[in-house]
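*Asks:* Let me begin by handing over the structure; questions about it come next.
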Amino acid sequence: MTHAYLPSFFETTWQERWRQAQIFRAKNPGEPGFDPAQKKYYVLDMFPYPSGSGLHVGHALGYVGTDVIARRKIMEGFNVLHPMGWDAFGLPAEQYAIQTGKHPRATTDENTKNFKRQLENIGIGYDWSREIDTSHADYYRWTQWLFLKLYERGLAYQAEVAVWWCEELKTVLANEEVINGRSERGNHPCVRRPLKQWMLKITAYAERLLADLEGLDWPESIKIQQREWIGRSEGAEVHFRLGAQPAESITVFTTRPDTLWGATFLVLSPEHALVKRIRTPECSKAVEAYVAAAASKSEIDRADASKEKTGVFTGAFARNPVFDAGDPRGLVPVWVADYVLSTYGTGAIMSVPGHDERDFEFARRFDLPVREVVKPPKGVKGLAEGVCYTGDGTAVNSGPIDGLPTREATARAIALIEERKTGRSRVTYKLRDWLFSRQRYWGEPFPLLHLADGSIVPVPEDALPVLLPEMTDFKPSADGSAPLARAQEWVRTIDPRTQQPARRDTDTMPGWAGSCWYWLRFMDARNERAPFSKAAEQYWGPVDLYVGGAAHAVMHLLYARFWHKVFFDAGLVHTKEPFQRLFNQGMVTAFAYEDATGRLVASDEVEPAGDRYLRRGSEDPLKQIVTKMAKSLKNVVNPDDIIAANGADTFRLYEMFMGPLADSKPWNPRDIPGCKRFLERLWRCYFDPAGEVRPELARGATEKPLEGDTALLERSLHKAIQRTHDSFQDLNLNTAIAAFMTFVNDVTRLQAAFTRSQAERFLRLVAPFAPHVAEELWSRMGQTGLVAQAAVPAAEPRWLVEDEIEIGIQVNGKLRGNARVPRVAAAPAVEAAARQVVAAHLSGKEVVKVVVVPGKLVNFVVKG
RNA sequence: GCGGGAAUGGCGGAAUUGGCAAACGCGCGAGACUUAGGAUCUCGUGGGGUGACCCUUGGGGGUUCGAGUCCCCCUUCCCGCACCA
């Protein structure tokens with residue numbers, strides 16, 4: 001049966017041919033063969049961290065998707081850049097190395113080799129001449145170089161700040177890496193600790209990071225997540241003078257300056273610097289105890305908004321500046337409570353219990369006064385009904401702003417405090433500066449020198465890279481100091497400019513550093529004199545399509561945008577934003593099984609029995625559910641296994657056929673044979689039973705006239721071409737494959753009418769999806785060259801319209817019949833034909849109205 | 001609690017954006033070919049009645065000649081964020 005479809009006989013051969021012909025090699029300006037008239041297309045995958053467990057089918061979904069797009073774009077005539085590399089530095093690589101007892105260099109090299117093999121196995125056409133590895137010196141040299149650009153611009157600084165410390169990982173972490181007081185990687189508990197750390201001033205770009213989201217073709221949900229993370233709010237800061245010491249004041253931030261007249265107390269966060277100074281002797285013990293308790297509480301406990309509010313009075317009072325000196329309403333008590341965050345605003349708030357839920361709850365708990373200063377609109381419950389009203393309304397009990405609606409009241413209140421020089425309008429952000437140092441080994445060393453006098457100088461450009469020292473013991477130190485501090489010969493160095501002794505910085509950059517500019521390196525990956533050439537950036541930037549999981553909605557995508565904007569300001573890049581269009585591929589989920597008690601059962605313990613599932617060797621019925629793939633459930637699928645059993649083309653088709661690229665969908669092994677059967681049927685369309693290419697498809701065969709069944713196939717082919725074209729618009733590539741299947745079914749039915757021209761055009765259509773079988777058939781048909789470099793076939797309008805079409809005929813909106821009418825028939829003629837078909841439904845009734853939708857249907861509205 | 005997304009046959013999913021719901025695939029049923037199994041091919045397959053009738057896109061209302069699609073209310077699930085003053 002040599003003529004059967006046997007993908008293993010030819011898939012690797014074609015992969016080798018593509019490599020030799022370098023068909024995925026993108027051409028840079030100035031290179032031989034570069035055509036300035038050719039349009040460029042830069043499609044980028046979020047490059048992976050090369051984990052020890054290799055690629056699974058979820059990664060592959062995005063990679064196959066971009067490969068199909070890239071291959072299609074090549075066939076459309078674009079100069080396509082589709083690169084791949086490895087995000088190899090960072091905590092996971094180091095943790096894995098520690099677990100396995102191997103050096104991260106060794107494990108990283110092993111893992112990247114495996115990833116690359118897997119990707120090639122799938123037949124993905126990357127430009128491997130641009131492969132990068134963020135942990136290689138010829139890459140991180142430029143990461144260091146770019147870091148110095150930030151440093152020179154004053155955007156990198158050292159500060160003693162309360163940072164997240166993870167005892168398990170023995171390192172500090174960024175805000176973004178800590179979720180509910182636990183590390184994002186590994187889910188270990190974290191605590192706040194004051195430490196001297198490198199920070200990047202991302203807050204200086206908050207406004208632009210927010211504003212420039214507008215012009216991006218990104219999923220709205222990602223934009224919203226970024227907006228929320230940046231967390232801009234407009235309001236005012238207001239100084240409340242302390243009664244005892246007139247020179248001192250407490251500054252609060254509020255988004256509702258219009259409610260100043262309703263502020264009945266102030267609250268400081270337990271970490272606020274003034275707490276120690278203002279508490280009165282009588283209250284000092286209670287305050288101290290409270291602050292200590294708050295410090296020892298876990299972040300999760302503190303963050304739990306549902307629990308009852310706690311707090312303690314400091315004994316001190318402050319003056320509300322909107323009231324006159326003698327007004328008793330102006331003297332407000334100062335409390336300490338942990339519902340006020342030290343990290344937001346000024347770490348102190350004015351409490352307006354009448355119009356803020358949290359303050360309301362606190363005031364009730366501690367029996368503090370509540371004053372109404374905003375009257376809700378008619379019909380809305382407010383303080384009069386005993387509920388806190390937080391919406392807009394009309395100012396009352398507020399002296400000079402009484403009667404004003406909230407918007408104007410706010411503006412007037414700000415004007416008033418500014419006049420009295422006791423505050424000003426202010427914008428705050430939730431976004432914090434980015435904690436950029438780690439006390440770990442596997443990262444980029446900081447290109448900075450500490451001199452004897454305590455000053456810091458950058459390592460000169462020509463002395464880069466600062467190489468990571470070879471260390472055999474790179475485990476984090478128990479005391480939290482950096483492992484690099486133990487490489488004493490490395491630490492002790494000289495300042496090349498002065499020849500004076502100097503010490504290297506012993507922290508390393510976080511895992512995100514390398515991914516903050518990698519799309520730029522891909523443009524000019526082998527450049528030894530610069531991170532990338534101006535010409536390459538001018539030509540390739542920005543990325544036209546960036547594809548990856550929604551998991552990176554905030555961290556990577558925010559950091560990358562930040563660095564890119566700094567580069568823009570430094571004149572290094574010509575676009576404000578790095579990624580014009582962002583697309584999130586959906587998650588590939590898996591089936592899992594739970595028993596009667598709701599416990600999940602590993603999938604190798606499960607046996608299908610008809611339409612039910614049983615625990616292997618028992619009668620326990622199990623319920624099939626959909627979950628994330630997880631090692632513990634043994635439902636992680638490796639592409640290698642699928643390819644070994646079915647071939648790469650089947651694997652690719654199944655990945656794309658599962659559903660729209662953006663949707664989450666379960667991996668269902670039962671569906672895979674359907675895709676393989678399609679390829680087998682496709683194969684049979686091209687060969688006779690003896691295994692020879694059908695004579696009418698072979699080179700030199702005479703084309704059949706486009707009539708009868710051949711015309712039918714021609715029409716079917718053009719429809720498939722059109723549907724494929726459409727499917728690329730929304731990346732619903734599953735519908736393209738459905739169109740291929742329909743065409744192949746037609747050919748199977750009308751075998752004798754199939755022509756060489758049709759056979760050849762169909763291969764050009766299918767090639768981006770199932771490139772191996774397309775090449776094999778292409779060459780067996782006697783075509784020269786590669787189908788991967790042939791042109792996309794065109795749909796001709798005249799083949800897309802039928803002369804006679806079937807329309808639906810409705811009576812009162814219900815389908816009652818069909819009729820075939822000429823496409824160009826006039827409405828009255830269509831109506832007359834329709835009337836005959838549904839005569840039985842119309843008899844004895846009065847036709848009130850007739851709706852004729854050309855080419856679609858006729859609807860008779862009847863009475864009686 | 002707030003924000004975003006979703007809900008269509010036994011399953012994954014289609015539906016020209018207001019115009020014949022269920023394309024395509026899986027699964028299932030019947031048949032053909034086979035000594036037999038497998039593979040392949042053909043036909044069927046939303047539900048109920050089983051004649052030509054009714055029902056059906058999570059539920060309930062509405063707009064319309066016509067609603068999976070638009071509007072209002074509700075339920076469930078997934079993903080973010082979560083005392084941000």
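Every chain in the structure tokens has a letter given in the order shown (A, B, ...), and although residue numbers restart at 1 in each chain, ligands are simply numbered from 1 in the order shown.
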Any idea what's packed within 8 Å of segment 502-505 of chain A, counting only C-alpha atoms (C1' of nucleotides), ignoring anything in its chain fewer than 2 positions away? Could you give it as a list in words?
*Replies:*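 Selected residues are Pro445, Phe446, Pro447, Leu448, Leu449, His450, Leu451, Ala452, Trp490, Val491, Arg492, Thr493, Ile494, Asp495, Gln500 and Asp507 of chain A.
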*Asks:* For chain A against chain B, which residues fall within 8 Å using only C-alpha atoms (C1' of nucleotides), given as number ranges by chain?
*Replies:* A: 221, 225, 228, 231, 253-255, 303-305, 339-341, 344-345, 349-350, 358, 430, 611, 658-659, 665-666, 668, 670-671, 674-675, 735, 737-739, 741-742, 807-809, 812-813, 815, 849-851, 853, 856-857, 859-861
*Asks:* List the neighbours of G47 of chain B out to 12 Å using only C-alpha atoms (C1' of nucleotides); skip same-chain residues closer than 4 positions along the sequence, and give me the result as a CSV table (one decimal) with N, CA, C and O atoms (P, O5', C5', C4', C3', O3' and C1' of nucleotides), in the first residue's frame.
*Replies:*
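Output (out-v2.csv):
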chain,number,residue,atom,x,y,z
B,9,G,P,-27.4,22.9,23.1
B,9,G,O5',-26.9,22.0,21.9
B,9,G,C5',-26.7,20.6,22.2
B,9,G,C4',-27.7,19.8,21.6
B,9,G,C3',-27.4,18.3,21.7
B,9,G,O3',-28.6,17.6,21.9
B,9,G,C1',-27.7,18.9,19.4
B,54,C,P,-47.8,23.8,12.8
B,54,C,O5',-47.2,23.6,14.2
B,54,C,C5',-48.0,23.7,15.4
B,54,C,C4',-47.4,23.0,16.5
B,54,C,C3',-46.1,23.6,17.0
B,54,C,O3',-46.2,24.8,17.7
B,54,C,C1',-45.9,21.3,17.0
B,55,C,P,-45.1,25.9,17.6
B,55,C,O5',-44.0,25.3,18.5
B,55,C,C5',-44.2,25.1,19.9
B,55,C,C4',-43.0,24.3,20.5
B,55,C,C3',-41.7,25.0,20.4
B,55,C,O3',-41.4,26.0,21.3
B,55,C,C1',-41.5,22.7,19.9
B,56,U,P,-40.5,27.2,20.8
B,56,U,O5',-39.1,26.6,20.8
B,56,U,C5',-38.5,26.1,22.0
B,56,U,C4',-37.2,25.4,21.7
B,56,U,C3',-36.1,26.3,21.0
B,56,U,O3',-35.5,27.1,22.0
B,56,U,C1',-36.2,24.2,19.9
*Asks:* For C74 of chain B, find every residue with an atom within 12 Å (counting only C-alpha atoms (C1' of nucleotides)), except residues of its own chain fewer than 3 positions away, and show them as a list of chain:residue names.
*Replies:*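 Residues meeting the cut-off are B:G58, B:G59, B:G60, B:G61.
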*Asks:* Can you check which residues of segment 489-528 of chain A DSSP gives as strand (DSSP E) on the backbone and send them as a list in words?
*Replies:*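 The strand (DSSP E) residues within segment 489-528 of chain A come out as Arg492, Thr493, Ile494, Pro501, Ala502, Arg503 and Arg504 of chain A.
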*Asks:* How would the residues just chosen look if you wrote them out with N, CA, C and O atoms as a PDB file, in the first residue's frame?
*Replies:*
ATOM      1  N   ARG A 492      35.105  42.229  43.490  1.00  0.00           N
ATOM      2  CA  ARG A 492      36.217  43.186  43.586  1.00  0.00           C
ATOM      3  C   ARG A 492      36.761  43.452  42.195  1.00  0.00           C
ATOM      4  O   ARG A 492      37.214  42.546  41.507  1.00  0.00           O
ATOM      5  N   THR A 493      36.731  44.704  41.798  1.00  0.00           N
ATOM      6  CA  THR A 493      37.191  45.037  40.458  1.00  0.00           C
ATOM      7  C   THR A 493      37.764  46.446  40.506  1.00  0.00           C
ATOM      8  O   THR A 493      37.952  46.997  41.594  1.00  0.00           O
ATOM      9  N   ILE A 494      38.049  46.984  39.341  1.00  0.00           N
ATOM     10  CA  ILE A 494      38.517  48.375  39.321  1.00  0.00           C
ATOM     11  C   ILE A 494      37.640  49.174  38.370  1.00  0.00           C
ATOM     12  O   ILE A 494      37.065  48.625  37.426  1.00  0.00           O
ATOM     13  N   PRO A 501      39.910  51.065  42.902  1.00  0.00           N
ATOM     14  CA  PRO A 501      39.143  49.881  43.254  1.00  0.00           C
ATOM     15  C   PRO A 501      37.634  50.170  43.308  1.00  0.00           C
ATOM     16  O   PRO A 501      37.234  51.287  43.673  1.00  0.00           O
ATOM     17  N   ALA A 502      36.869  49.176  42.941  1.00  0.00           N
ATOM     18  CA  ALA A 502      35.404  49.321  42.936  1.00  0.00           C
ATOM     19  C   ALA A 502      34.793  47.960  43.210  1.00  0.00           C
ATOM     20  O   ALA A 502      35.463  46.931  43.091  1.00  0.00           O
ATOM     21  N   ARG A 503      33.536  47.985  43.596  1.00  0.00           N
ATOM     22  CA  ARG A 503      32.820  46.723  43.829  1.00  0.00           C
ATOM     23  C   ARG A 503      31.632  46.653  42.869  1.00  0.00           C
ATOM     24  O   ARG A 503      30.966  47.636  42.623  1.00  0.00           O
ATOM     25  N   ARG A 504      31.422  45.462  42.334  1.00  0.00           N
ATOM     26  CA  ARG A 504      30.270  45.294  41.443  1.00  0.00           C
ATOM     27  C   ARG A 504      28.988  45.208  42.268  1.00  0.00           C
ATOM     28  O   ARG A 504      29.000  44.797  43.419  1.00  0.00           O
TER      29      ARG A 504
END
*Asks:* As a ChimeraX atom specification, please: all residues of segment 95-221 of chain A that backbone DSSP puts in helix (DSSP H, G or I).
*Replies:* /A:95-100,104-122,128-130,137-152,175-177,202-211,220-221
*Asks:* Show which residues sit within 7 Å of Ala662 of chain A, as a PDB file with C-alpha atoms, in the first residue's frame. Count only C-alpha atoms (C1' of nucleotides), and ignore same-chain residues fewer than 4 positions away.
*Replies:*
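Here's the written file result.pdb:
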ATOM      1  CA  ASN A 584      -4.786  36.474  22.916  1.00  0.00           C
ATOM      2  CA  GLN A 585      -5.089  32.869  21.928  1.00  0.00           C
ATOM      3  CA  GLY A 586      -7.451  30.877  24.118  1.00  0.00           C
TER       4      GLY A 586
END
*Asks:* In Å, rounded to a single decimal, give me how far atom CA of Gln99 of chain A is from atom CA of Pro469 of chain A.
*Replies:*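 Those two atoms sit 20.8 Å apart.
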*Asks:* Can you tell me, as a PyMOL selection string, what residues are no more than 10 Å from G18 of chain B when counting only C-alpha atoms (C1' of nucleotides), ignoring any on the same chain fewer than 3 positions away?
*Replies:* chain B and resi 64+66-67+69-70
*Asks:* Could you write those residues out with all heavy atoms, as a JSON list (two decimals), in the first residue's frame?
*Replies:*
[["chain", "number", "residue", "atom", "x", "y", "z"],
["B", 64, "U", "P", -43.05, 46.94, 17.23],
["B", 64, "U", "OP1", -43.61, 48.18, 16.66],
["B", 64, "U", "OP2", -43.90, 45.99, 17.96],
["B", 64, "U", "O5'", -42.32, 46.14, 16.06],
["B", 64, "U", "C5'", -41.42, 46.82, 15.19],
["B", 64, "U", "C4'", -40.71, 45.83, 14.32],
["B", 64, "U", "O4'", -39.92, 44.93, 15.14],
["B", 64, "U", "C3'", -41.62, 44.88, 13.55],
["B", 64, "U", "O3'", -42.15, 45.49, 12.38],
["B", 64, "U", "C2'", -40.66, 43.73, 13.23],
["B", 64, "U", "O2'", -39.82, 44.08, 12.14],
["B", 64, "U", "C1'", -39.83, 43.67, 14.51],
["B", 64, "U", "N1", -40.33, 42.62, 15.44],
["B", 64, "U", "C2", -39.77, 41.36, 15.33],
["B", 64, "U", "O2", -38.91, 41.08, 14.51],
["B", 64, "U", "N3", -40.28, 40.42, 16.19],
["B", 64, "U", "C4", -41.26, 40.61, 17.13],
["B", 64, "U", "O4", -41.62, 39.65, 17.83],
["B", 64, "U", "C5", -41.79, 41.94, 17.19],
["B", 64, "U", "C6", -41.32, 42.89, 16.37],
["B", 66, "G", "P", -43.14, 40.00, 13.51],
["B", 66, "G", "OP1", -43.87, 39.12, 14.45],
["B", 66, "G", "OP2", -42.77, 41.38, 13.92],
["B", 66, "G", "O5'", -41.84, 39.23, 13.02],
["B", 66, "G", "C5'", -41.94, 37.85, 12.65],
["B", 66, "G", "C4'", -40.65, 37.37, 12.07],
["B", 66, "G", "O4'", -40.30, 38.17, 10.92],
["B", 66, "G", "C3'", -39.44, 37.51, 12.98],
["B", 66, "G", "O3'", -39.37, 36.46, 13.91],
["B", 66, "G", "C2'", -38.29, 37.48, 11.98],
["B", 66, "G", "O2'", -38.03, 36.17, 11.56],
["B", 66, "G", "C1'", -38.89, 38.27, 10.82],
["B", 66, "G", "N9", -38.53, 39.68, 10.84],
["B", 66, "G", "C8", -39.31, 40.74, 11.20],
["B", 66, "G", "N7", -38.68, 41.89, 11.11],
["B", 66, "G", "C5", -37.42, 41.55, 10.66],
["B", 66, "G", "C6", -36.30, 42.38, 10.37],
["B", 66, "G", "O6", -36.21, 43.61, 10.45],
["B", 66, "G", "N1", -35.20, 41.64, 9.95],
["B", 66, "G", "C2", -35.19, 40.28, 9.81],
["B", 66, "G", "N2", -34.04, 39.74, 9.38],
["B", 66, "G", "N3", -36.23, 39.49, 10.07],
["B", 66, "G", "C4", -37.31, 40.20, 10.49],
["B", 67, "A", "P", -38.75, 36.68, 15.31],
["B", 67, "A", "OP1", -38.84, 35.38, 16.02],
["B", 67, "A", "OP2", -39.36, 37.88, 15.90],
["B", 67, "A", "O5'", -37.22, 37.02, 14.99],
["B", 67, "A", "C5'", -36.34, 36.05, 14.41],
["B", 67, "A", "C4'", -35.07, 35.95, 15.23],
["B", 67, "A", "O4'", -34.51, 37.28, 15.38],
["B", 67, "A", "C3'", -35.29, 35.43, 16.65],
["B", 67, "A", "O3'", -34.13, 34.73, 17.06],
["B", 67, "A", "C2'", -35.42, 36.70, 17.46],
["B", 67, "A", "O2'", -35.06, 36.54, 18.80],
["B", 67, "A", "C1'", -34.42, 37.61, 16.76],
["B", 67, "A", "N9", -34.71, 39.03, 16.90],
["B", 67, "A", "C8", -35.85, 39.63, 17.37],
["B", 67, "A", "N7", -35.79, 40.94, 17.39],
["B", 67, "A", "C5", -34.53, 41.22, 16.89],
["B", 67, "A", "C6", -33.86, 42.43, 16.65],
["B", 67, "A", "N6", -34.38, 43.62, 16.89],
["B", 67, "A", "N1", -32.61, 42.35, 16.15],
["B", 67, "A", "C2", -32.07, 41.15, 15.90],
["B", 67, "A", "N3", -32.62, 39.94, 16.08],
["B", 67, "A", "C4", -33.86, 40.06, 16.59],
["B", 69, "U", "P", -31.32, 36.64, 20.25],
["B", 69, "U", "OP1", -31.31, 37.19, 21.61],
["B", 69, "U", "OP2", -32.53, 36.76, 19.40],
["B", 69, "U", "O5'", -30.10, 37.29, 19.44],
["B", 69, "U", "C5'", -28.80, 37.42, 20.03],
["B", 69, "U", "C4'", -27.85, 37.98, 19.01],
["B", 69, "U", "O4'", -27.93, 37.15, 17.81],
["B", 69, "U", "C3'", -28.16, 39.42, 18.59],
["B", 69, "U", "O3'", -26.98, 40.19, 18.58],
["B", 69, "U", "C2'", -28.77, 39.27, 17.20],
["B", 69, "U", "O2'", -28.45, 40.33, 16.34],
["B", 69, "U", "C1'", -28.13, 37.97, 16.68],
["B", 69, "U", "N1", -29.01, 37.26, 15.74],
["B", 69, "U", "C2", -28.59, 37.09, 14.44],
["B", 69, "U", "O2", -27.51, 37.48, 14.03],
["B", 69, "U", "N3", -29.48, 36.46, 13.62],
["B", 69, "U", "C4", -30.72, 35.97, 13.96],
["B", 69, "U", "O4", -31.41, 35.42, 13.11],
["B", 69, "U", "C5", -31.09, 36.19, 15.33],
["B", 69, "U", "C6", -30.24, 36.81, 16.16],
["B", 70, "C", "P", -26.69, 41.10, 19.84],
["B", 70, "C", "OP1", -25.36, 41.71, 19.63],
["B", 70, "C", "OP2", -26.98, 40.37, 21.08],
["B", 70, "C", "O5'", -27.82, 42.23, 19.69],
["B", 70, "C", "C5'", -27.59, 43.39, 18.92],
["B", 70, "C", "C4'", -28.72, 44.37, 19.12],
["B", 70, "C", "O4'", -29.90, 43.91, 18.40],
["B", 70, "C", "C3'", -29.20, 44.51, 20.56],
["B", 70, "C", "O3'", -28.41, 45.40, 21.29],
["B", 70, "C", "C2'", -30.62, 45.02, 20.37],
["B", 70, "C", "O2'", -30.64, 46.40, 20.08],
["B", 70, "C", "C1'", -31.06, 44.25, 19.13],
["B", 70, "C", "N1", -31.80, 43.00, 19.45],
["B", 70, "C", "C2", -33.10, 43.10, 19.95],
["B", 70, "C", "O2", -33.60, 44.22, 20.12],
["B", 70, "C", "N3", -33.79, 41.97, 20.23],
["B", 70, "C", "C4", -33.21, 40.78, 20.03],
["B", 70, "C", "N4", -33.93, 39.69, 20.32],
["B", 70, "C", "C5", -31.89, 40.64, 19.53],
["B", 70, "C", "C6", -31.23, 41.77, 19.25]]
*Asks:* Mind pulling up the distance from atom CA of Gly855 of chain A to atom CA of Asp803 of chain A?
*Replies:*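 Here the two named atoms are 10.9 Å from each other.
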*Asks:* I'd like the contact shell of segment 81-87 of chain A - 8 Å cut-off, only C-alpha atoms (C1' of nucleotides), skipping same-chain residues fewer than 6 positions apart - returned as a ChimeraX atom specification.
*Replies:* /A:24-26,40-45,47-50,67,70,112,125-128,130-135,514-515,522
*Asks:* Which is closer to Glu470 of chain A than all the others in A:Val824, A:Pro669, A:Ser455, A:Tyr441, using only C-alpha atoms?
*Replies:*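 Among the listed residues, the smallest separation from Glu470 of chain A belongs to A:Tyr441.
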